[in-house]
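The next block is upload25.tsv, given as TSV, C-alpha atoms.
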chain	number	residue	atom	x	y	z
A	29	MET	CA	-44.51	59.23	11.95
A	30	GLU	CA	-42.38	59.23	8.80
A	31	GLU	CA	-39.22	58.99	10.89
A	32	ILE	CA	-40.68	56.17	12.93
A	33	GLN	CA	-41.78	54.31	9.77
A	34	GLU	CA	-38.31	54.72	8.32
A	35	LYS	CA	-36.77	53.22	11.44
A	36	ILE	CA	-39.27	50.35	11.29
A	37	ASN	CA	-38.31	49.67	7.65
A	38	ILE	CA	-34.61	49.68	8.55
A	39	LEU	CA	-35.22	47.29	11.44
A	40	GLU	CA	-37.30	44.98	9.23
A	41	GLU	CA	-34.49	44.87	6.63
A	42	GLU	CA	-31.98	44.14	9.38
A	43	LEU	CA	-34.22	41.35	10.73
A	44	LYS	CA	-34.51	39.82	7.25
A	45	ARG	CA	-30.73	39.91	6.84
A	46	LYS	CA	-30.11	38.31	10.23
A	47	ASN	CA	-32.80	35.69	9.66
A	48	SER	CA	-31.05	34.80	6.42
A	49	ILE	CA	-27.75	34.43	8.30
A	50	LEU	CA	-29.44	32.28	10.94
A	51	LYS	CA	-30.82	29.97	8.25
A	52	ASP	CA	-27.30	29.49	6.85
A	53	LEU	CA	-25.64	28.95	10.22
A	54	PRO	CA	-26.75	25.35	10.98
A	55	PRO	CA	-25.45	23.84	7.72
A	56	LYS	CA	-22.28	25.93	7.95
A	57	ALA	CA	-21.77	24.83	11.54
A	58	LYS	CA	-22.23	21.19	10.51
A	59	ARG	CA	-19.67	21.64	7.78
A	60	ILE	CA	-17.19	23.23	10.18
A	61	PHE	CA	-17.68	20.36	12.65
A	62	ALA	CA	-17.21	17.84	9.81
A	63	ILE	CA	-13.99	19.54	8.67
A	64	ASN	CA	-12.72	19.66	12.25
A	65	GLU	CA	-13.42	15.94	12.64
A	66	ILE	CA	-11.48	15.16	9.47
A	67	VAL	CA	-8.54	17.25	10.70
A	68	GLN	CA	-8.47	15.62	14.14
A	69	ARG	CA	-8.66	12.08	12.80
A	70	LEU	CA	-6.19	12.59	9.97
A	71	ILE	CA	-3.46	13.96	12.21
A	72	ASP	CA	-3.21	10.75	14.26
A	73	LEU	CA	-3.01	8.32	11.30
A	74	ILE	CA	0.27	6.68	10.24
A	75	GLU	CA	-0.94	4.03	7.77
A	76	PRO	CA	-1.23	5.24	4.12
A	77	GLU	CA	-4.36	3.16	3.43
A	78	GLU	CA	-6.10	4.57	6.50
A	79	VAL	CA	-5.19	8.13	5.47
A	80	CYS	CA	-6.68	7.64	1.98
A	81	GLU	CA	-9.84	6.10	3.40
A	82	LYS	CA	-10.28	8.91	5.93
A	83	ILE	CA	-9.84	11.62	3.26
A	84	VAL	CA	-12.57	10.07	1.10
A	85	THR	CA	-15.05	9.30	3.89
A	86	GLY	CA	-14.45	12.72	5.43
A	87	LEU	CA	-15.14	14.49	2.14
A	88	SER	CA	-18.34	12.48	1.71
A	89	LYS	CA	-19.60	14.01	4.99
A	90	VAL	CA	-18.65	17.54	3.93
A	91	PHE	CA	-20.05	17.25	0.38
A	92	LYS	CA	-23.18	15.24	1.03
A	93	GLU	CA	-24.75	16.23	-2.31
A	94	ALA	CA	-21.84	14.79	-4.34
A	95	ASP	CA	-22.51	11.57	-6.26
A	96	ASN	CA	-18.94	10.24	-6.30
A	97	ILE	CA	-15.69	11.01	-4.51
A	98	LEU	CA	-12.58	9.41	-6.02
A	99	LEU	CA	-9.00	9.30	-4.76
A	100	PHE	CA	-6.21	8.36	-7.16
A	101	LEU	CA	-2.63	7.71	-6.05
A	102	PHE	CA	0.31	8.52	-8.29
A	103	TYR	CA	3.14	5.97	-8.63
A	104	ARG	CA	6.02	8.04	-9.91
A	105	ASP	CA	8.33	5.12	-10.78
A	106	LYS	CA	5.67	3.67	-13.11
A	107	ASP	CA	4.16	7.01	-14.20
A	108	LEU	CA	0.84	5.49	-13.15
A	109	LEU	CA	-2.29	7.03	-11.66
A	110	LEU	CA	-4.46	4.42	-9.96
A	111	LEU	CA	-7.83	4.58	-8.20
A	112	ASN	CA	-7.19	3.80	-4.54
A	113	ASN	CA	-10.38	4.68	-2.69
A	114	SER	CA	-13.87	5.93	-3.49
A	115	VAL	CA	-17.35	6.70	-2.19
A	116	ARG	CA	-20.03	6.00	-4.80
A	117	LYS	CA	-23.47	6.84	-3.52
A	118	GLY	CA	-25.26	5.30	-6.49
A	119	GLY	CA	-23.05	2.22	-6.54
A	120	GLU	CA	-21.86	3.17	-10.02
A	121	ILE	CA	-18.95	1.44	-11.72
A	122	ILE	CA	-15.90	3.65	-12.18
A	123	LYS	CA	-14.25	2.57	-15.43
A	124	GLU	CA	-11.44	5.13	-15.41
A	125	LYS	CA	-9.34	3.21	-12.84
A	126	LYS	CA	-6.21	4.96	-14.12
A	127	GLY	CA	-7.79	8.39	-14.23
A	128	ASP	CA	-8.87	10.37	-17.28
A	129	ILE	CA	-7.87	13.60	-19.00
A	130	LEU	CA	-9.20	15.68	-16.07
A	131	ASP	CA	-7.20	13.80	-13.42
A	132	TRP	CA	-4.02	13.91	-15.50
A	133	TRP	CA	-4.49	17.63	-16.07
A	134	VAL	CA	-4.61	18.19	-12.29
A	135	LEU	CA	-1.64	15.88	-11.79
A	136	LYS	CA	0.62	17.42	-14.42
A	137	ASN	CA	-0.22	21.02	-13.59
A	138	ASN	CA	-0.35	20.45	-9.81
A	139	ARG	CA	-3.39	22.73	-9.81
A	140	CYS	CA	-7.02	22.49	-8.73
A	141	LEU	CA	-9.78	22.16	-11.31
A	142	PHE	CA	-13.27	23.63	-10.91
A	143	ILE	CA	-15.93	22.84	-13.51
A	144	GLU	CA	-19.42	24.24	-12.89
A	145	ASP	CA	-20.88	22.48	-15.92
A	146	LEU	CA	-18.99	20.15	-18.25
A	147	LEU	CA	-21.30	21.03	-21.13
A	148	ASN	CA	-20.36	24.71	-20.86
A	149	ASP	CA	-16.64	24.32	-20.15
A	150	TYR	CA	-14.55	25.23	-23.20
A	151	ARG	CA	-11.38	23.52	-21.91
A	152	PHE	CA	-12.54	19.92	-22.22
A	153	ASP	CA	-14.67	17.94	-24.66
A	154	PRO	CA	-17.37	16.06	-22.68
A	155	SER	CA	-17.51	13.32	-25.33
A	156	ASN	CA	-13.93	12.35	-24.36
A	157	ILE	CA	-14.65	12.22	-20.63
A	158	PRO	CA	-15.93	8.89	-19.21
A	159	ALA	CA	-17.46	10.65	-16.18
A	160	TYR	CA	-19.91	12.39	-18.51
A	161	LYS	CA	-20.38	9.56	-21.02
A	162	GLU	CA	-20.81	6.77	-18.46
A	163	ARG	CA	-22.26	8.58	-15.41
A	164	ASN	CA	-23.68	11.82	-16.83
A	165	VAL	CA	-21.51	13.91	-14.48
A	166	ARG	CA	-21.92	17.65	-15.00
A	167	SER	CA	-20.05	19.43	-12.17
A	168	ILE	CA	-16.57	18.52	-10.90
A	169	MET	CA	-14.10	19.75	-8.30
A	170	SER	CA	-10.63	18.21	-8.37
A	171	SER	CA	-7.53	18.87	-6.28
A	172	PRO	CA	-3.99	17.47	-6.24
A	173	LEU	CA	-2.68	15.74	-3.15
A	174	SER	CA	0.64	17.53	-3.17
A	175	VAL	CA	3.43	18.61	-0.85
A	176	GLY	CA	5.19	21.43	-2.62
A	177	GLU	CA	6.08	20.19	-6.11
A	178	ARG	CA	5.71	16.54	-5.13
A	179	VAL	CA	2.29	15.23	-6.23
A	180	LEU	CA	1.06	12.13	-4.38
A	181	GLY	CA	-2.31	11.80	-6.05
A	182	VAL	CA	-5.56	13.44	-7.12
A	183	VAL	CA	-8.96	13.77	-5.41
A	184	ARG	CA	-12.09	14.32	-7.47
A	185	VAL	CA	-15.59	15.28	-6.22
A	186	GLU	CA	-18.32	15.00	-8.86
A	187	SER	CA	-22.09	15.39	-9.30
A	188	LYS	CA	-24.66	14.80	-12.01
A	189	GLN	CA	-26.19	18.17	-11.16
A	190	ALA	CA	-24.76	21.19	-12.95
A	191	ASN	CA	-23.60	24.19	-10.90
A	192	LEU	CA	-23.82	22.23	-7.64
A	193	PHE	CA	-20.51	23.41	-6.19
A	194	PHE	CA	-19.45	26.93	-5.24
A	195	LEU	CA	-16.07	28.58	-4.78
A	196	GLU	CA	-16.39	28.09	-1.03
A	197	ASP	CA	-16.70	24.33	-1.62
A	198	PHE	CA	-13.66	24.51	-3.86
A	199	ARG	CA	-11.59	26.17	-1.13
A	200	VAL	CA	-12.72	23.62	1.47
A	201	LEU	CA	-11.68	20.77	-0.83
A	202	ARG	CA	-8.25	22.31	-1.34
A	203	VAL	CA	-7.69	22.82	2.40
A	204	ILE	CA	-8.61	19.20	3.20
A	205	CYS	CA	-6.46	17.86	0.36
A	206	ASP	CA	-3.47	19.96	1.43
A	207	LEU	CA	-3.71	18.61	4.96
A	208	GLY	CA	-4.37	15.08	3.67
A	209	ALA	CA	-1.27	15.24	1.46
A	210	VAL	CA	0.97	16.20	4.38
A	211	VAL	CA	-0.44	13.39	6.54
A	212	LEU	CA	-0.14	10.91	3.65
A	213	GLU	CA	3.49	11.89	3.07
A	214	LYS	CA	4.18	11.39	6.78
A	215	ALA	CA	2.48	7.98	6.65
A	216	ASN	CA	4.55	6.99	3.59
A	217	ILE	CA	7.74	7.92	5.42
A	218	PHE	CA	6.70	5.87	8.46
A	219	SER	CA	5.93	2.90	6.20
A	220	LYS	CA	9.33	3.21	4.54
A	221	ILE	CA	11.09	3.33	7.91
A	222	LYS	CA	9.12	0.30	9.07
A	223	GLU	CA	9.98	-1.56	5.88
A	224	LEU	CA	13.69	-0.75	6.26
A	225	ALA	CA	13.59	-2.03	9.84
A	226	ILE	CA	12.33	-5.48	8.84
A	227	THR	CA	13.99	-6.06	5.45
A	228	ASP	CA	17.50	-6.94	4.39
A	229	PRO	CA	18.93	-4.20	2.13
A	230	LEU	CA	20.86	-6.64	-0.08
A	231	THR	CA	18.06	-9.11	-0.89
A	232	ASN	CA	14.90	-7.21	0.13
A	233	LEU	CA	13.93	-10.30	2.13
A	234	PHE	CA	12.58	-10.08	5.66
A	235	LEU	CA	15.00	-10.21	8.58
A	236	ARG	CA	15.25	-12.78	11.39
A	237	ASN	CA	13.14	-10.98	14.04
A	238	TYR	CA	10.25	-10.30	11.70
A	239	PHE	CA	10.29	-13.92	10.50
A	240	ILE	CA	10.03	-15.18	14.09
A	241	GLU	CA	7.09	-12.84	14.73
A	242	ARG	CA	5.31	-14.17	11.67
A	243	MET	CA	6.07	-17.75	12.63
A	244	GLU	CA	4.61	-17.18	16.11
A	245	GLU	CA	1.44	-15.90	14.46
A	246	GLU	CA	1.31	-18.94	12.18
A	247	ILE	CA	1.73	-21.28	15.16
A	248	LYS	CA	-1.33	-19.70	16.82
A	249	ARG	CA	-3.34	-19.89	13.62
A	250	SER	CA	-2.36	-23.50	12.94
A	251	PHE	CA	-3.14	-24.49	16.52
A	252	LEU	CA	-6.66	-23.05	16.26
A	253	LYS	CA	-7.25	-24.61	12.83
A	254	ASN	CA	-5.53	-27.87	13.70
A	255	SER	CA	-3.41	-27.50	10.57
A	256	ARG	CA	0.28	-27.87	9.68
A	257	PHE	CA	3.04	-25.77	8.18
A	258	GLY	CA	6.68	-26.35	7.34
A	259	ILE	CA	9.90	-24.38	7.66
A	260	GLY	CA	13.22	-24.81	5.94
A	261	ILE	CA	16.69	-23.46	6.70
A	262	LEU	CA	19.00	-23.11	3.70
A	263	ASP	CA	22.77	-22.64	3.81
A	264	ILE	CA	25.11	-21.95	0.89
A	265	ASP	CA	27.73	-24.69	0.62
A	266	ASN	CA	31.39	-23.56	0.79
A	267	PHE	CA	30.39	-19.90	0.79
A	268	LYS	CA	33.62	-18.80	2.47
A	269	LYS	CA	35.56	-20.35	-0.41
A	270	ILE	CA	33.48	-18.38	-2.92
A	271	ASN	CA	34.23	-15.14	-1.07
A	272	ASP	CA	37.94	-15.94	-0.68
A	273	THR	CA	38.33	-16.96	-4.34
A	274	TYR	CA	36.20	-14.36	-6.13
A	275	GLY	CA	35.62	-11.64	-3.55
A	276	HIS	CA	32.60	-10.36	-1.67
A	277	THR	CA	31.04	-8.83	-4.80
A	278	VAL	CA	30.52	-12.30	-6.25
A	279	GLY	CA	29.37	-13.52	-2.83
A	280	ASP	CA	26.67	-10.85	-2.86
A	281	LEU	CA	25.61	-11.88	-6.37
A	282	VAL	CA	25.26	-15.48	-5.21
A	283	ILE	CA	23.17	-14.41	-2.21
A	284	LYS	CA	20.89	-12.31	-4.45
A	285	LYS	CA	20.51	-15.18	-6.90
A	286	ILE	CA	19.43	-17.59	-4.18
A	287	ALA	CA	17.06	-15.01	-2.69
A	288	ASN	CA	15.35	-14.68	-6.08
A	289	ILE	CA	15.03	-18.47	-6.41
A	290	LEU	CA	13.51	-18.71	-2.94
A	291	VAL	CA	10.97	-15.94	-3.62
A	292	LYS	CA	10.07	-17.57	-6.93
A	293	ASN	CA	9.41	-20.97	-5.35
A	294	VAL	CA	8.09	-19.99	-1.93
A	295	GLY	CA	6.69	-16.50	-2.24
A	296	ASN	CA	2.99	-17.36	-2.48
A	297	SER	CA	0.29	-15.75	-0.35
A	298	GLY	CA	0.84	-16.50	3.32
A	299	ASN	CA	4.33	-17.94	2.84
A	300	ILE	CA	7.40	-16.00	3.94
A	301	VAL	CA	11.10	-15.96	3.09
A	302	ALA	CA	13.78	-14.31	5.24
A	303	ARG	CA	17.52	-13.89	5.40
A	304	TRP	CA	18.53	-15.72	8.56
A	305	GLY	CA	22.03	-14.27	8.65
A	306	GLY	CA	25.20	-14.40	6.54
A	307	GLU	CA	24.75	-17.13	3.95
A	308	GLU	CA	21.70	-18.68	5.64
A	309	PHE	CA	18.05	-18.26	4.65
A	310	ILE	CA	14.83	-19.47	6.23
A	311	PHE	CA	11.36	-19.93	4.77
A	312	LEU	CA	7.88	-20.89	5.96
A	313	ILE	CA	5.20	-22.60	3.88
A	314	VAL	CA	1.65	-22.56	5.22
A	315	GLU	CA	-0.74	-25.53	5.06
A	316	ALA	CA	2.13	-27.85	4.07
A	317	ASN	CA	2.80	-31.43	5.12
A	318	LYS	CA	6.16	-33.22	5.13
A	319	LYS	CA	5.94	-34.42	1.52
A	320	GLU	CA	4.89	-31.01	0.14
A	321	ILE	CA	7.66	-29.06	1.85
A	322	LYS	CA	10.21	-31.71	0.84
A	323	ASN	CA	9.17	-31.37	-2.83
A	324	ILE	CA	9.51	-27.58	-2.69
A	325	ALA	CA	12.90	-27.83	-0.98
A	326	GLU	CA	14.16	-30.29	-3.60
A	327	LYS	CA	12.97	-28.00	-6.37
A	328	ILE	CA	14.91	-25.12	-4.80
A	329	ARG	CA	18.05	-27.25	-4.38
A	330	LYS	CA	17.97	-28.43	-8.01
A	331	GLU	CA	17.35	-24.94	-9.37
A	332	VAL	CA	20.31	-23.58	-7.41
A	333	ASP	CA	22.47	-26.50	-8.56
A	334	ASN	CA	21.67	-25.71	-12.20
A	335	CYS	CA	22.22	-21.95	-12.08
A	336	VAL	CA	25.47	-20.01	-12.44
A	337	VAL	CA	26.78	-16.52	-11.71
A	338	GLY	CA	29.00	-14.96	-14.38
A	339	PHE	CA	32.10	-13.05	-13.30
A	340	ARG	CA	35.04	-12.01	-15.51
A	341	ARG	CA	34.21	-14.58	-18.19
A	342	LYS	CA	33.91	-17.31	-15.60
A	343	GLU	CA	30.83	-19.31	-14.72
A	344	ILE	CA	30.62	-19.81	-10.97
A	345	HIS	CA	28.60	-22.79	-9.77
A	346	PHE	CA	27.37	-23.21	-6.22
A	347	THR	CA	25.07	-25.46	-4.21
A	348	VAL	CA	22.95	-25.31	-1.09
A	349	SER	CA	21.94	-27.63	1.74
A	350	LEU	CA	18.54	-27.56	3.43
A	351	GLY	CA	17.09	-28.75	6.73
A	352	LEU	CA	13.32	-29.04	7.17
A	353	ALA	CA	10.83	-29.22	10.05
A	354	VAL	CA	7.04	-29.50	10.19
A	355	TYR	CA	4.65	-28.14	12.81
A	356	PRO	CA	3.53	-29.70	15.14
A	357	LYS	CA	5.41	-32.99	14.66
A	358	ASP	CA	8.93	-31.51	14.90
A	359	GLY	CA	8.15	-28.77	17.39
A	360	LYS	CA	5.25	-26.96	19.01
A	361	ASP	CA	6.91	-23.56	19.35
A	362	SER	CA	9.21	-21.48	17.17
A	363	GLN	CA	12.39	-22.36	19.05
A	364	GLU	CA	11.79	-26.14	18.83
A	365	LEU	CA	11.00	-25.92	15.11
A	366	ILE	CA	14.11	-23.87	14.32
A	367	ILE	CA	16.35	-26.20	16.36
A	368	SER	CA	14.85	-29.22	14.58
A	369	ALA	CA	15.39	-27.71	11.12
A	370	ASP	CA	18.89	-26.60	12.06
A	371	ARG	CA	19.82	-30.14	13.15
A	372	CYS	CA	18.62	-31.47	9.80
A	373	LEU	CA	20.69	-28.82	8.02
A	374	TYR	CA	23.78	-29.89	10.01
A	375	ARG	CA	23.12	-33.49	8.98
A	376	ALA	CA	22.85	-32.46	5.32
A	377	LYS	CA	26.26	-30.83	5.60
A	378	GLN	CA	27.75	-33.89	7.30
A	379	GLU	CA	26.36	-36.24	4.65
A	380	GLY	CA	28.05	-34.41	1.77
A	381	LYS	CA	26.18	-31.12	1.19
A	382	ASN	CA	23.93	-30.24	-1.77
A	383	ARG	CA	21.02	-32.17	-0.27
A	384	VAL	CA	17.78	-31.90	1.69
A	385	CYS	CA	17.39	-33.53	5.11
A	386	PHE	CA	14.38	-33.80	7.41
A	387	THR	CA	13.35	-35.77	10.47

Spell out the structure here as structure tokens.
Amino acid sequence: MEEIQEKINILEEELKRKNSILKDLPPKAKRIFAINEIVQRLIDLIEPEEVCEKIVTGLSKVFKEADNILLFLFYRDKDLLLLNNSVRKGGEIIKEKKGDILDWWVLKNNRCLFIEDLLNDYRFDPSNIPAYKERNVRSIMSSPLSVGERVLGVVRVESKQANLFFLEDFRVLRVICDLGAVVLEKANIFSKIKELAITDPLTNLFLRNYFIERMEEEIKRSFLKNSRFGIGILDIDNFKKINDTYGHTVGDLVIKKIANILVKNVGNSGNIVARWGGEEFIFLIVEANKKEIKNIAEKIRKEVDNCVVGFRRKEIHFTVSLGLAVYPKDGKDSQELIISADRCLYRAKQEGKNRVCFT
């Protein structure tokens, strides 16, 4: 009987242990499925903003008890850490938009940070941490978004409850952030390639094909809204003479100068400036009538006429001619509009240059 009772006791202990495991399995399975979903969705993304959003929303599903999940991106050229995306379950205001001492510690050391309770952590003074002062945060997990030594940003998971997170949570956060960093780096490279494909390396303006795509979109939008927009083609007067007299270095300086003037006068939201080819530029101004685009073109012409480029103690003056067209009066598709503006440009050249012509 004693032997039987001993076996019963052993079996009861084993049953208790297995019951305990069974209780833990459902939440663990859910977490595994959530992590797998994050992995699958991250891998396919190629837009940086989408990657950042997916990292944050994915972490909010894994760490459901967390109060806030914050993702900061690091801009190396400006030495700036900036809040890019967040999930705030209480709708709280995050004042540390540029990160705080905790985020900068993670960034500079390229190491994870695990704080079970801010009030009991000897490394940091809670009175200097906005998360504690403003939101009463007690426990924090933070991980760099890094590829090797290159740090792209910082992710922070925080809660008002002390000792909420465990080492297992900490490891999960690091795994997701490591994967997220690789995908984000890939997305940044894709964005850079895309940018190089549509921009002129000398002026950083858009190129011809991209401009036409944007103009086609604006034609559709204007047609639906029954609105107008204007385009202008600009050509540098006697540009060949500038190159022949002073060399192509000065020619490039002149092109850059005009590009800057165009961006300054045209580069508002919705408008677009592009290098059309050689010494020609083209621009589009949304919601503009004939008088408005003419005024902008005249302002550009006068500003170019008054500026100079210095070279070997010489002041080099130059001028431009412009041809304008307005949708839909001067054309109902991109080709008609460009032909109309180009004809006006030709007329400006014929009439003496340094002037604006329109139909």

Top pick for closest residue to Val183 (chain A), considering A:Pro158, A:Gly127, A:Pro229, A:Gly338 and counting all atoms listed in the file: A:Gly127

Residue nearest Glu246 (chain A) - candidates A:Tyr355, A:Trp304, A:Tyr374, A:Phe218, atoms counted: all atoms listed in the file: A:Tyr355

All residues 10 Å or closer to Ile121 (chain A), all atoms listed in the file, same chain fewer than 5 positions away omitted, as a PyMOL selection string: chain A and resi 116+162-163

Point-to-point distance from CA of Met169 (chain A) to CA of Leu141 (chain A), Å rounded to tenths: 5.8 Å

6 Å per side around region 64-75 of chain A: axis-aligned box centre and edge lengths, as AutoDock Vina command-line options:
--center_x -6.6 --center_y 11.8 --center_z 11.0 --size_x 25.7 --size_y 27.6 --size_z 18.5

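Shortest atom-to-atom contact with Lys117 (chain A) among A:Ala215, A:Ile240, A:Ile71, A:Ile97: A:Ile97, counting only C-alpha atoms.
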
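Of the listed residues A:Phe346, A:Trp132, A:Phe198, A:Tyr238, the one whose atoms come nearest to Val278 (chain A) is A:Phe346, with distances taken using all atoms listed in the file.
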
Of the listed residues A:Glu315, A:Gln68, A:Asp105, A:Glu81, that which approaches Arg249 (chain A) most closely, counting all atoms listed in the file: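 Of A:Glu315, A:Gln68, A:Asp105, A:Glu81, the one nearest Arg249 (chain A), counting all atoms listed in the file, is A:Glu315.
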
Interatomic distance (Å, one decimal) between CA of Leu87 (chain A) and CA of Ser171 (chain A): 12.2 Å
